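Here is the file work-v3.cif (mmCIF, C-alpha atoms).
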data_upload
#
loop_
_atom_site.group_PDB
_atom_site.id
_atom_site.type_symbol
_atom_site.label_atom_id
_atom_site.label_comp_id
_atom_site.auth_asym_id
_atom_site.auth_seq_id
_atom_site.Cartn_x
_atom_site.Cartn_y
_atom_site.Cartn_z
ATOM 1 C CA MET Z 1 90.882 104.530 78.693
ATOM 2 C CA LYS Z 2 94.021 105.305 80.680
ATOM 3 C CA GLN Z 3 95.008 102.864 83.423
ATOM 4 C CA ALA Z 4 97.792 102.787 86.010
ATOM 5 C CA ILE Z 5 99.073 100.592 88.820
ATOM 6 C CA LEU Z 6 101.988 100.313 91.243
ATOM 7 C CA GLY Z 7 104.172 97.236 91.335
ATOM 8 C CA LYS Z 8 107.453 95.628 92.285
ATOM 9 C CA LYS Z 9 110.013 94.219 89.895
ATOM 10 C CA VAL Z 10 110.406 90.494 90.533
ATOM 11 C CA GLY Z 11 112.910 89.581 87.833
ATOM 12 C CA MET Z 12 113.215 88.421 84.237
ATOM 13 C CA THR Z 13 112.336 85.168 82.523
ATOM 14 C CA GLN Z 14 111.298 84.005 79.076
ATOM 15 C CA LEU Z 15 108.161 82.806 77.333
ATOM 16 C CA PHE Z 16 107.617 80.736 74.225
ATOM 17 C CA LEU Z 17 104.884 81.702 71.791
ATOM 18 C CA GLU Z 18 102.757 79.220 69.880
ATOM 19 C CA ASP Z 19 105.079 79.403 66.883
ATOM 20 C CA GLY Z 20 108.104 78.609 69.073
ATOM 21 C CA THR Z 21 109.420 82.159 69.258
ATOM 22 C CA MET Z 22 111.153 82.938 72.550
ATOM 23 C CA ILE Z 23 110.621 86.398 74.022
ATOM 24 C CA PRO Z 24 112.214 87.871 77.167
ATOM 25 C CA VAL Z 25 109.763 89.219 79.733
ATOM 26 C CA THR Z 26 109.985 91.071 83.031
ATOM 27 C CA VAL Z 27 107.754 89.838 85.848
ATOM 28 C CA VAL Z 28 106.090 92.620 87.863
ATOM 29 C CA LEU Z 29 104.134 92.039 91.068
ATOM 30 C CA ALA Z 30 101.382 94.553 90.306
ATOM 31 C CA GLY Z 31 98.977 95.427 93.074
ATOM 32 C CA PRO Z 32 96.641 95.029 94.749
ATOM 33 C CA CYS Z 33 96.485 98.820 95.066
ATOM 34 C CA PRO Z 34 93.617 100.352 97.064
ATOM 35 C CA VAL Z 35 92.565 103.850 96.007
ATOM 36 C CA THR Z 36 93.259 106.271 98.871
ATOM 37 C CA GLN Z 37 92.116 109.558 97.300
ATOM 38 C CA VAL Z 38 90.470 110.875 94.134
ATOM 39 C CA LYS Z 39 91.447 114.428 93.215
ATOM 40 C CA THR Z 40 89.109 116.611 91.158
ATOM 41 C CA VAL Z 41 89.399 119.869 89.250
ATOM 42 C CA GLU Z 42 86.873 121.589 91.515
ATOM 43 C CA HIS Z 43 88.687 120.736 94.748
ATOM 44 C CA ASP Z 44 92.351 120.259 93.771
ATOM 45 C CA GLY Z 45 92.688 121.943 90.382
ATOM 46 C CA TYR Z 46 93.464 118.731 88.500
ATOM 47 C CA GLU Z 47 92.254 115.172 88.155
ATOM 48 C CA ALA Z 48 94.288 112.346 89.637
ATOM 49 C CA VAL Z 49 93.967 109.014 91.387
ATOM 50 C CA GLN Z 50 96.058 108.282 94.472
ATOM 51 C CA MET Z 51 96.739 104.654 95.342
ATOM 52 C CA ALA Z 52 98.758 102.666 97.890
ATOM 53 C CA PHE Z 53 100.939 99.583 97.499
ATOM 54 C CA GLN Z 54 102.649 96.955 99.676
ATOM 55 C CA PRO Z 55 101.065 96.569 103.134
ATOM 56 C CA VAL Z 56 103.446 97.042 106.083
ATOM 57 C CA ARG Z 57 103.323 97.445 109.850
ATOM 58 C CA GLU Z 58 102.043 100.775 111.087
ATOM 59 C CA LYS Z 59 105.353 101.550 112.809
ATOM 60 C CA LEU Z 60 107.160 101.600 109.464
ATOM 61 C CA ILE Z 61 105.375 104.667 108.093
ATOM 62 C CA THR Z 62 104.949 108.211 109.370
ATOM 63 C CA LYS Z 63 101.973 109.259 111.486
ATOM 64 C CA PRO Z 64 100.670 111.767 108.883
ATOM 65 C CA GLN Z 65 100.706 109.082 106.221
ATOM 66 C CA LEU Z 66 99.039 106.609 108.578
ATOM 67 C CA GLY Z 67 96.306 109.119 109.372
ATOM 68 C CA HIS Z 68 95.738 109.777 105.673
ATOM 69 C CA LEU Z 69 95.350 106.049 104.989
ATOM 70 C CA ARG Z 70 93.029 105.536 107.957
ATOM 71 C CA LYS Z 71 90.812 108.352 106.703
ATOM 72 C CA ALA Z 72 90.434 106.439 103.445
ATOM 73 C CA GLY Z 73 89.740 103.193 105.310
ATOM 74 C CA VAL Z 74 92.969 101.593 104.091
ATOM 75 C CA GLU Z 75 95.552 99.762 106.205
ATOM 76 C CA ALA Z 76 99.176 100.881 106.387
ATOM 77 C CA HIS Z 77 101.082 100.691 103.078
ATOM 78 C CA ARG Z 78 104.700 101.483 102.278
ATOM 79 C CA TYR Z 79 104.100 103.433 99.057
ATOM 80 C CA VAL Z 80 101.504 106.045 98.160
ATOM 81 C CA LYS Z 81 101.596 107.498 94.635
ATOM 82 C CA GLU Z 82 99.176 109.365 92.402
ATOM 83 C CA PHE Z 83 98.549 109.235 88.666
ATOM 84 C CA LYS Z 84 96.979 111.960 86.553
ATOM 85 C CA LEU Z 85 94.215 110.154 84.660
ATOM 86 C CA ASP Z 86 91.503 111.596 82.441
ATOM 87 C CA ASN Z 87 88.982 109.150 83.860
ATOM 88 C CA ALA Z 88 89.862 109.785 87.510
ATOM 89 C CA ALA Z 89 86.217 110.527 88.332
ATOM 90 C CA SER Z 90 85.314 106.907 87.580
ATOM 91 C CA TYR Z 91 87.344 105.686 90.587
ATOM 92 C CA GLU Z 92 86.121 105.559 94.166
ATOM 93 C CA VAL Z 93 88.044 105.612 97.428
ATOM 94 C CA GLY Z 94 88.571 102.077 98.671
ATOM 95 C CA THR Z 95 88.414 100.465 95.238
ATOM 96 C CA VAL Z 96 91.176 97.887 94.816
ATOM 97 C CA ILE Z 97 93.095 97.995 91.523
ATOM 98 C CA LYS Z 98 94.522 94.641 90.467
ATOM 99 C CA ALA Z 99 96.740 93.377 87.677
ATOM 100 C CA ASP Z 100 93.750 92.685 85.431
ATOM 101 C CA THR Z 101 93.406 96.443 84.892
ATOM 102 C CA PHE Z 102 95.733 95.665 81.967
ATOM 103 C CA ALA Z 103 95.171 92.949 79.397
ATOM 104 C CA LYS Z 104 97.296 90.992 76.973
ATOM 105 C CA GLY Z 105 98.383 93.203 74.087
ATOM 106 C CA ASP Z 106 98.170 96.519 75.981
ATOM 107 C CA HIS Z 107 101.113 98.883 75.673
ATOM 108 C CA VAL Z 108 102.451 100.567 78.804
ATOM 109 C CA ASP Z 109 105.102 102.984 80.039
ATOM 110 C CA VAL Z 110 107.125 101.687 83.001
ATOM 111 C CA THR Z 111 108.948 104.049 85.373
ATOM 112 C CA GLY Z 112 111.550 102.882 87.866
ATOM 113 C CA THR Z 113 114.794 103.838 89.584
ATOM 114 C CA SER Z 114 117.915 102.556 87.868
ATOM 115 C CA LYS Z 115 120.614 100.618 89.717
ATOM 116 C CA GLY Z 116 123.112 102.758 91.585
ATOM 117 C CA LYS Z 117 126.728 102.407 90.449
ATOM 118 C CA GLY Z 118 128.357 104.688 93.001
ATOM 119 C CA PHE Z 119 131.155 107.111 92.070
ATOM 120 C CA GLU Z 120 132.414 106.317 88.566
ATOM 121 C CA GLY Z 121 135.049 107.840 86.303
ATOM 122 C CA ASN Z 122 134.419 109.657 83.055
ATOM 123 C CA ILE Z 123 135.139 106.602 80.901
ATOM 124 C CA LYS Z 124 132.462 104.379 82.462
ATOM 125 C CA ARG Z 125 130.023 107.195 83.209
ATOM 126 C CA TRP Z 126 130.188 109.043 79.864
ATOM 127 C CA ASN Z 127 131.905 106.498 77.571
ATOM 128 C CA GLN Z 128 134.817 108.840 76.896
ATOM 129 C CA ALA Z 129 137.995 107.666 75.146
ATOM 130 C CA ARG Z 130 141.170 106.616 76.943
ATOM 131 C CA GLY Z 131 144.296 108.705 76.874
ATOM 132 C CA ARG Z 132 147.235 107.518 74.803
ATOM 133 C CA LYS Z 133 149.872 105.305 76.438
ATOM 134 C CA THR Z 134 152.794 106.558 74.347
ATOM 135 C CA HIS Z 135 155.279 109.475 74.374
ATOM 136 C CA GLY Z 136 155.485 109.604 78.161
ATOM 137 C CA SER Z 137 151.785 110.185 78.764
ATOM 138 C CA HIS Z 138 150.450 109.037 82.110
ATOM 139 C CA SER Z 139 146.875 110.279 81.600
ATOM 140 C CA TYR Z 140 145.080 107.048 80.748
ATOM 141 C CA ARG Z 141 141.654 107.361 82.351
ATOM 142 C CA VAL Z 142 141.388 111.035 83.391
ATOM 143 C CA ALA Z 143 138.919 113.624 82.098
ATOM 144 C CA GLY Z 144 141.483 115.444 79.917
ATOM 145 C CA SER Z 145 141.119 119.011 78.731
ATOM 146 C CA MET Z 146 138.677 121.200 80.645
ATOM 147 C CA GLY Z 147 138.160 123.795 77.919
ATOM 148 C CA ALA Z 148 139.599 127.231 77.093
ATOM 149 C CA CYS Z 149 142.274 129.152 79.015
ATOM 150 C CA THR Z 150 141.807 132.831 79.918
ATOM 151 C CA TYR Z 151 138.370 133.151 78.369
ATOM 152 C CA PRO Z 152 135.892 132.109 79.686
ATOM 153 C CA GLY Z 153 138.205 130.957 82.457
ATOM 154 C CA GLU Z 154 135.792 128.437 83.937
ATOM 155 C CA VAL Z 155 134.468 124.932 83.420
ATOM 156 C CA PHE Z 156 130.940 124.908 82.031
ATOM 157 C CA LYS Z 157 128.243 123.169 84.066
ATOM 158 C CA THR Z 158 127.520 120.737 81.223
ATOM 159 C CA LYS Z 159 131.074 119.359 81.213
ATOM 160 C CA HIS Z 160 131.087 115.565 81.518
ATOM 161 C CA LEU Z 161 133.063 114.719 84.647
ATOM 162 C CA PRO Z 162 133.366 111.796 87.068
ATOM 163 C CA GLY Z 163 130.627 111.549 89.652
ATOM 164 C CA HIS Z 164 127.641 109.594 90.930
ATOM 165 C CA MET Z 165 126.301 107.180 88.318
ATOM 166 C CA GLY Z 166 122.913 105.504 88.303
ATOM 167 C CA ARG Z 167 119.986 105.700 90.742
ATOM 168 C CA GLU Z 168 118.009 107.906 88.392
ATOM 169 C CA ARG Z 169 114.311 107.939 87.560
ATOM 170 C CA ILE Z 170 113.952 106.318 84.139
ATOM 171 C CA THR Z 171 110.866 105.665 82.016
ATOM 172 C CA VAL Z 172 110.793 103.031 79.270
ATOM 173 C CA GLN Z 173 107.933 103.670 76.872
ATOM 174 C CA ASN Z 174 105.672 101.537 74.726
ATOM 175 C CA LEU Z 175 106.286 98.090 76.201
ATOM 176 C CA GLU Z 176 103.828 95.288 75.475
ATOM 177 C CA VAL Z 177 101.947 93.372 78.155
ATOM 178 C CA VAL Z 178 102.342 89.693 77.305
ATOM 179 C CA ARG Z 179 100.258 88.274 80.146
ATOM 180 C CA ALA Z 180 98.172 89.565 83.069
ATOM 181 C CA ASP Z 181 97.501 87.194 85.981
ATOM 182 C CA ALA Z 182 94.957 88.729 88.363
ATOM 183 C CA GLU Z 183 94.962 85.744 90.733
ATOM 184 C CA ARG Z 184 98.686 86.029 91.479
ATOM 185 C CA ASN Z 185 98.840 89.800 90.803
ATOM 186 C CA LEU Z 186 101.460 89.405 88.099
ATOM 187 C CA LEU Z 187 102.159 91.336 84.904
ATOM 188 C CA LEU Z 188 104.520 89.906 82.309
ATOM 189 C CA ILE Z 189 105.939 92.758 80.238
ATOM 190 C CA LYS Z 190 108.000 92.198 77.121
ATOM 191 C CA GLY Z 191 111.578 93.422 77.407
ATOM 192 C CA ALA Z 192 113.550 94.963 80.256
ATOM 193 C CA ILE Z 193 112.483 97.653 82.696
ATOM 194 C CA PRO Z 194 114.713 99.877 84.869
ATOM 195 C CA GLY Z 195 115.647 99.063 88.425
ATOM 196 C CA ALA Z 196 116.899 96.229 90.585
ATOM 197 C CA LYS Z 197 114.873 93.260 91.782
ATOM 198 C CA GLY Z 198 112.408 94.348 94.425
ATOM 199 C CA GLY Z 199 112.359 97.949 93.241
ATOM 200 C CA LEU Z 200 109.169 99.992 92.963
ATOM 201 C CA VAL Z 201 107.840 100.508 89.430
ATOM 202 C CA LEU Z 202 104.983 102.615 88.060
ATOM 203 C CA VAL Z 203 103.035 101.050 85.209
ATOM 204 C CA ARG Z 204 100.669 103.245 83.208
ATOM 205 C CA SER Z 205 99.041 103.284 79.784
ATOM 206 C CA THR Z 206 101.478 104.485 77.153
ATOM 207 C CA VAL Z 207 101.353 108.052 75.899
ATOM 208 C CA LYS Z 208 102.463 107.069 72.391
#

Can I see the file as structure tokens?
Amino acid sequence: MKQAILGKKVGMTQLFLEDGTMIPVTVVLAGPCPVTQVKTVEHDGYEAVQMAFQPVREKLITKPQLGHLRKAGVEAHRYVKEFKLDNAASYEVGTVIKADTFAKGDHVDVTGTSKGKGFEGNIKRWNQARGRKTHGSHSYRVAGSMGACTYPGEVFKTKHLPGHMGRERITVQNLEVVRADAERNLLLIKGAIPGAKGGLVLVRSTVK
């Protein structure tokens, strides 16, 4: 059965297994996430579960969002996301989803926003080679040749050039849940997940 939850990346640490093996884990503050809406095929054309995360003051969200949450009987939350789940009909509005929706040994896909690096050159952004420092060349870290001359007479859109690096939506698939602590709303996931500390992450059952 497919499961999903919203969370916040806390940071990384390490755990030791019974045989002494050390494994790196990422700590995720997962939930509690109240269900704000259940979408059905008859009414919306698809099945999905909408849930909220991270309670905040009412002044920090928009009035339409506040009205939507009040209609569901849920207090103001910063984030509202939906997940397309096959078993969406089994959820009810107002149900609170906690970290124990996943168990030790489950495999999940984690989606987050990568760290922003700002404007970067082609060497750091695309791992291109440096220019030579001999024979009077002064082109050490520039993009280099842009392509043909008269024909086609333009730079293709796929050309790797300097620009904004990072802050992209990234999904890491098939990560193992090492521990689920429902009392403290914590998920310990093996390996690294995208994003900075405090960033929003989406945890769902793996598709693989």

Residues matched by the PyMOL selection byres ((chain Z and resi 96-104) around 8), written as an NGL selection string = :Z and (3-5 or 30-35 or 94-95 or 105-106 or 176-182 or 185-187)

Shell of 9 Å around Z:Phe119, all atoms listed in the file, local chain residues under 6 positions omitted, as JSON, numbers by chain = {"Z": [125, 162, 163, 164, 165]}

key: Residue nearest Z:Met51 among Z:Leu202, Z:Thr158, Z:Ile23, Z:His135 (counting all atoms listed in the file)   = Z:Leu202

task = Give the answer as one residue: which of Z:Ala76, Z:Val207, Z:Leu29, Z:Ala129 has the shortest atom-to-atom distance to Z:Glu183, using only C-alpha atoms?
result =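 Checking each candidate against Z:Glu183, we get Z:Leu29 as the closest.
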
ask   = Just how far from atom CA of Z:Glu82 is atom CA of Z:Glu47, in Å to one decimal?
value =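 Taking atom CA of Z:Glu47 and atom CA of Z:Glu82, their separation equals 10.0 Å.
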
inquiry  = Taking the file as I've supplied it (selection: the PyMOL selection byres ((chain Z and resi 201) around 7)), which residues are included? Please answer as a count of residues only.
reply    = 11

request  = Starting from the shown file, work through the PyMOL selection byres ((chain Z and resi 78) around 8) and note down what comes out as a PyMOL selection string.
outcome  = chain Z and resi 52-56+60-61+76-77+79-80

Listed atoms of stretch 44-52 of chain Z boxed axis-aligned with 4 Å per side, centre + edges as lines of an AutoDock Vina configuration file:
center_x = 95.5
center_y = 112.3
center_z = 93.0
size_x = 14.5
size_y = 27.3
size_z = 17.7

query = What gap, in Å, lies between atom CA of Z:His43 and atom CA of Z:Lys81?
reply =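 Atom-to-atom, atom CA of Z:His43 to atom CA of Z:Lys81, that is 18.5 Å.
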
key: Counting all atoms listed in the file, the option among Z:Met146, Z:Val93, Z:Val108, Z:Leu85 closest to Z:Gly191   =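 Using all atoms listed in the file, the shortest distance to Z:Gly191 belongs to Z:Val108.
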
task = Please provide the set of residues having any atom within 10 Å of Z:Lys159, restricted to only C-alpha atoms, with same-chain residues fewer than 4 positions apart removed, written as a list in words.
result = Ala143, Met146, Gly147 and Val155 of chain Z

request  = Compile the contact shell of Z:Glu75 as a PyMOL selection string: residues with an atom at most 9 Å away, counting all atoms listed in the file, same-chain residues fewer than 5 positions apart removed.
outcome  = chain Z and resi 55-58+66+69-70

ask   = So what do you get for atom CA of Z:Lys190 versus atom CA of Z:Arg169, distance-wise?
value =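 One can read the atom CA of Z:Lys190 to atom CA of Z:Arg169 distance as 19.9 Å.
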
inquiry  = My list of candidates is Z:Asn122, Z:Thr113, Z:Asn127, Z:Ser90. Which is closest to Z:Gly198 when distances are computed with only C-alpha atoms?
reply    = Z:Thr113

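You can rank Z:Arg204, Z:Lys2, Z:Lys197, Z:Leu188 by their closest distance to Z:Gln14 using all atoms listed in the file, and at the top of that list sits Z:Leu188.
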
query = Any idea what's packed within 6 Å of stretch 166-168 of chain Z, counting all atoms listed in the file, ignoring anything in its chain fewer than 2 positions away? Could you give it as a VMD selection string?
reply = chain Z and resid 113 to 117

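Compared by their closest atoms to Z:Gly144, and using all atoms listed in the file, the residues Z:Gly131, Z:Gly73, Z:Phe156, Z:Val49 rank with Z:Gly131 nearest.
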
Can you take stretch 41-52 of chain Z from the block and write all heavy atoms as an mmCIF file, in the first residue's frame?
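What ended up in result.cif:
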data_model
loop_
_atom_site.group_PDB
_atom_site.id
_atom_site.type_symbol
_atom_site.label_atom_id
_atom_site.label_comp_id
_atom_site.auth_asym_id
_atom_site.auth_seq_id
_atom_site.Cartn_x
_atom_site.Cartn_y
_atom_site.Cartn_z
ATOM 1 N N VAL Z 41 -12.084 10.287 -8.223
ATOM 2 C CA VAL Z 41 -12.232 10.277 -9.679
ATOM 3 C C VAL Z 41 -13.560 10.905 -10.084
ATOM 4 O O VAL Z 41 -13.646 11.636 -11.079
ATOM 5 C CB VAL Z 41 -12.117 8.834 -10.217
ATOM 6 C CG1 VAL Z 41 -12.354 8.797 -11.720
ATOM 7 C CG2 VAL Z 41 -10.758 8.251 -9.879
ATOM 8 N N GLU Z 42 -14.621 10.628 -9.323
ATOM 9 C CA GLU Z 42 -15.937 11.143 -9.662
ATOM 10 C C GLU Z 42 -15.998 12.668 -9.598
ATOM 11 O O GLU Z 42 -16.624 13.324 -10.440
ATOM 12 C CB GLU Z 42 -17.000 10.551 -8.731
ATOM 13 C CG GLU Z 42 -17.191 9.047 -8.861
ATOM 14 C CD GLU Z 42 -16.081 8.266 -8.174
ATOM 15 O OE1 GLU Z 42 -15.291 8.890 -7.427
ATOM 16 O OE2 GLU Z 42 -16.003 7.037 -8.395
ATOM 17 N N HIS Z 43 -15.337 13.256 -8.623
ATOM 18 C CA HIS Z 43 -15.442 14.699 -8.406
ATOM 19 C C HIS Z 43 -14.305 15.485 -9.051
ATOM 20 O O HIS Z 43 -14.518 16.575 -9.595
ATOM 21 C CB HIS Z 43 -15.490 14.996 -6.909
ATOM 22 C CG HIS Z 43 -15.783 16.431 -6.582
ATOM 23 N ND1 HIS Z 43 -14.799 17.382 -6.427
ATOM 24 C CD2 HIS Z 43 -16.963 17.082 -6.395
ATOM 25 C CE1 HIS Z 43 -15.358 18.544 -6.163
ATOM 26 N NE2 HIS Z 43 -16.671 18.395 -6.121
ATOM 27 N N ASP Z 44 -13.074 14.931 -9.000
ATOM 28 C CA ASP Z 44 -11.902 15.676 -9.461
ATOM 29 C C ASP Z 44 -11.214 15.060 -10.679
ATOM 30 O O ASP Z 44 -10.316 15.676 -11.236
ATOM 31 C CB ASP Z 44 -10.882 15.794 -8.327
ATOM 32 C CG ASP Z 44 -11.481 16.442 -7.087
ATOM 33 O OD1 ASP Z 44 -11.670 17.666 -7.095
ATOM 34 O OD2 ASP Z 44 -11.762 15.716 -6.115
ATOM 35 N N GLY Z 45 -11.589 13.837 -11.038
ATOM 36 C CA GLY Z 45 -10.973 13.197 -12.187
ATOM 37 C C GLY Z 45 -9.761 12.364 -11.863
ATOM 38 O O GLY Z 45 -9.216 11.680 -12.736
ATOM 39 N N TYR Z 46 -9.313 12.386 -10.619
ATOM 40 C CA TYR Z 46 -8.174 11.562 -10.198
ATOM 41 C C TYR Z 46 -8.233 11.396 -8.688
ATOM 42 O O TYR Z 46 -8.944 12.133 -8.002
ATOM 43 C CB TYR Z 46 -6.843 12.189 -10.622
ATOM 44 C CG TYR Z 46 -6.547 13.521 -9.963
ATOM 45 C CD1 TYR Z 46 -5.711 13.611 -8.853
ATOM 46 C CD2 TYR Z 46 -7.083 14.706 -10.466
ATOM 47 C CE1 TYR Z 46 -5.436 14.821 -8.265
ATOM 48 C CE2 TYR Z 46 -6.819 15.923 -9.882
ATOM 49 C CZ TYR Z 46 -5.989 15.982 -8.776
ATOM 50 O OH TYR Z 46 -5.711 17.182 -8.174
ATOM 51 N N GLU Z 47 -7.478 10.439 -8.197
ATOM 52 C CA GLU Z 47 -7.445 10.171 -6.765
ATOM 53 C C GLU Z 47 -6.175 10.759 -6.157
ATOM 54 O O GLU Z 47 -5.077 10.542 -6.667
ATOM 55 C CB GLU Z 47 -7.500 8.657 -6.495
ATOM 56 C CG GLU Z 47 -8.841 8.021 -6.830
ATOM 57 C CD GLU Z 47 -8.910 6.576 -6.381
ATOM 58 O OE1 GLU Z 47 -7.862 6.056 -5.939
ATOM 59 O OE2 GLU Z 47 -9.985 5.981 -6.462
ATOM 60 N N ALA Z 48 -6.335 11.490 -5.083
ATOM 61 C CA ALA Z 48 -5.194 12.087 -4.404
ATOM 62 C C ALA Z 48 -5.570 12.439 -2.976
ATOM 63 O O ALA Z 48 -6.758 12.585 -2.641
ATOM 64 C CB ALA Z 48 -4.706 13.332 -5.145
ATOM 65 N N VAL Z 49 -4.547 12.567 -2.155
ATOM 66 C CA VAL Z 49 -4.715 12.960 -0.760
ATOM 67 C C VAL Z 49 -3.942 14.253 -0.542
ATOM 68 O O VAL Z 49 -2.751 14.335 -0.850
ATOM 69 C CB VAL Z 49 -4.207 11.874 0.208
ATOM 70 C CG1 VAL Z 49 -4.316 12.357 1.649
ATOM 71 C CG2 VAL Z 49 -4.983 10.591 0.025
ATOM 72 N N GLN Z 50 -4.625 15.260 -0.029
ATOM 73 C CA GLN Z 50 -3.991 16.548 0.252
ATOM 74 C C GLN Z 50 -3.757 16.658 1.752
ATOM 75 O O GLN Z 50 -4.650 16.379 2.550
ATOM 76 C CB GLN Z 50 -4.886 17.686 -0.234
ATOM 77 C CG GLN Z 50 -4.257 19.061 -0.126
ATOM 78 C CD GLN Z 50 -5.239 20.142 -0.511
ATOM 79 O OE1 GLN Z 50 -5.932 20.695 0.343
ATOM 80 N NE2 GLN Z 50 -5.342 20.434 -1.797
ATOM 81 N N MET Z 51 -2.551 17.058 2.137
ATOM 82 C CA MET Z 51 -2.220 17.145 3.552
ATOM 83 C C MET Z 51 -1.437 18.419 3.836
ATOM 84 O O MET Z 51 -0.853 19.027 2.928
ATOM 85 C CB MET Z 51 -1.423 15.910 4.005
ATOM 86 C CG MET Z 51 -0.105 15.721 3.302
ATOM 87 S SD MET Z 51 0.718 14.171 3.781
ATOM 88 C CE MET Z 51 -0.345 12.962 2.983
ATOM 89 N N ALA Z 52 -1.460 18.848 5.094
ATOM 90 C CA ALA Z 52 -0.784 20.071 5.526
ATOM 91 C C ALA Z 52 0.365 19.717 6.460
ATOM 92 O O ALA Z 52 0.411 18.631 7.043
ATOM 93 C CB ALA Z 52 -1.768 21.010 6.214
#
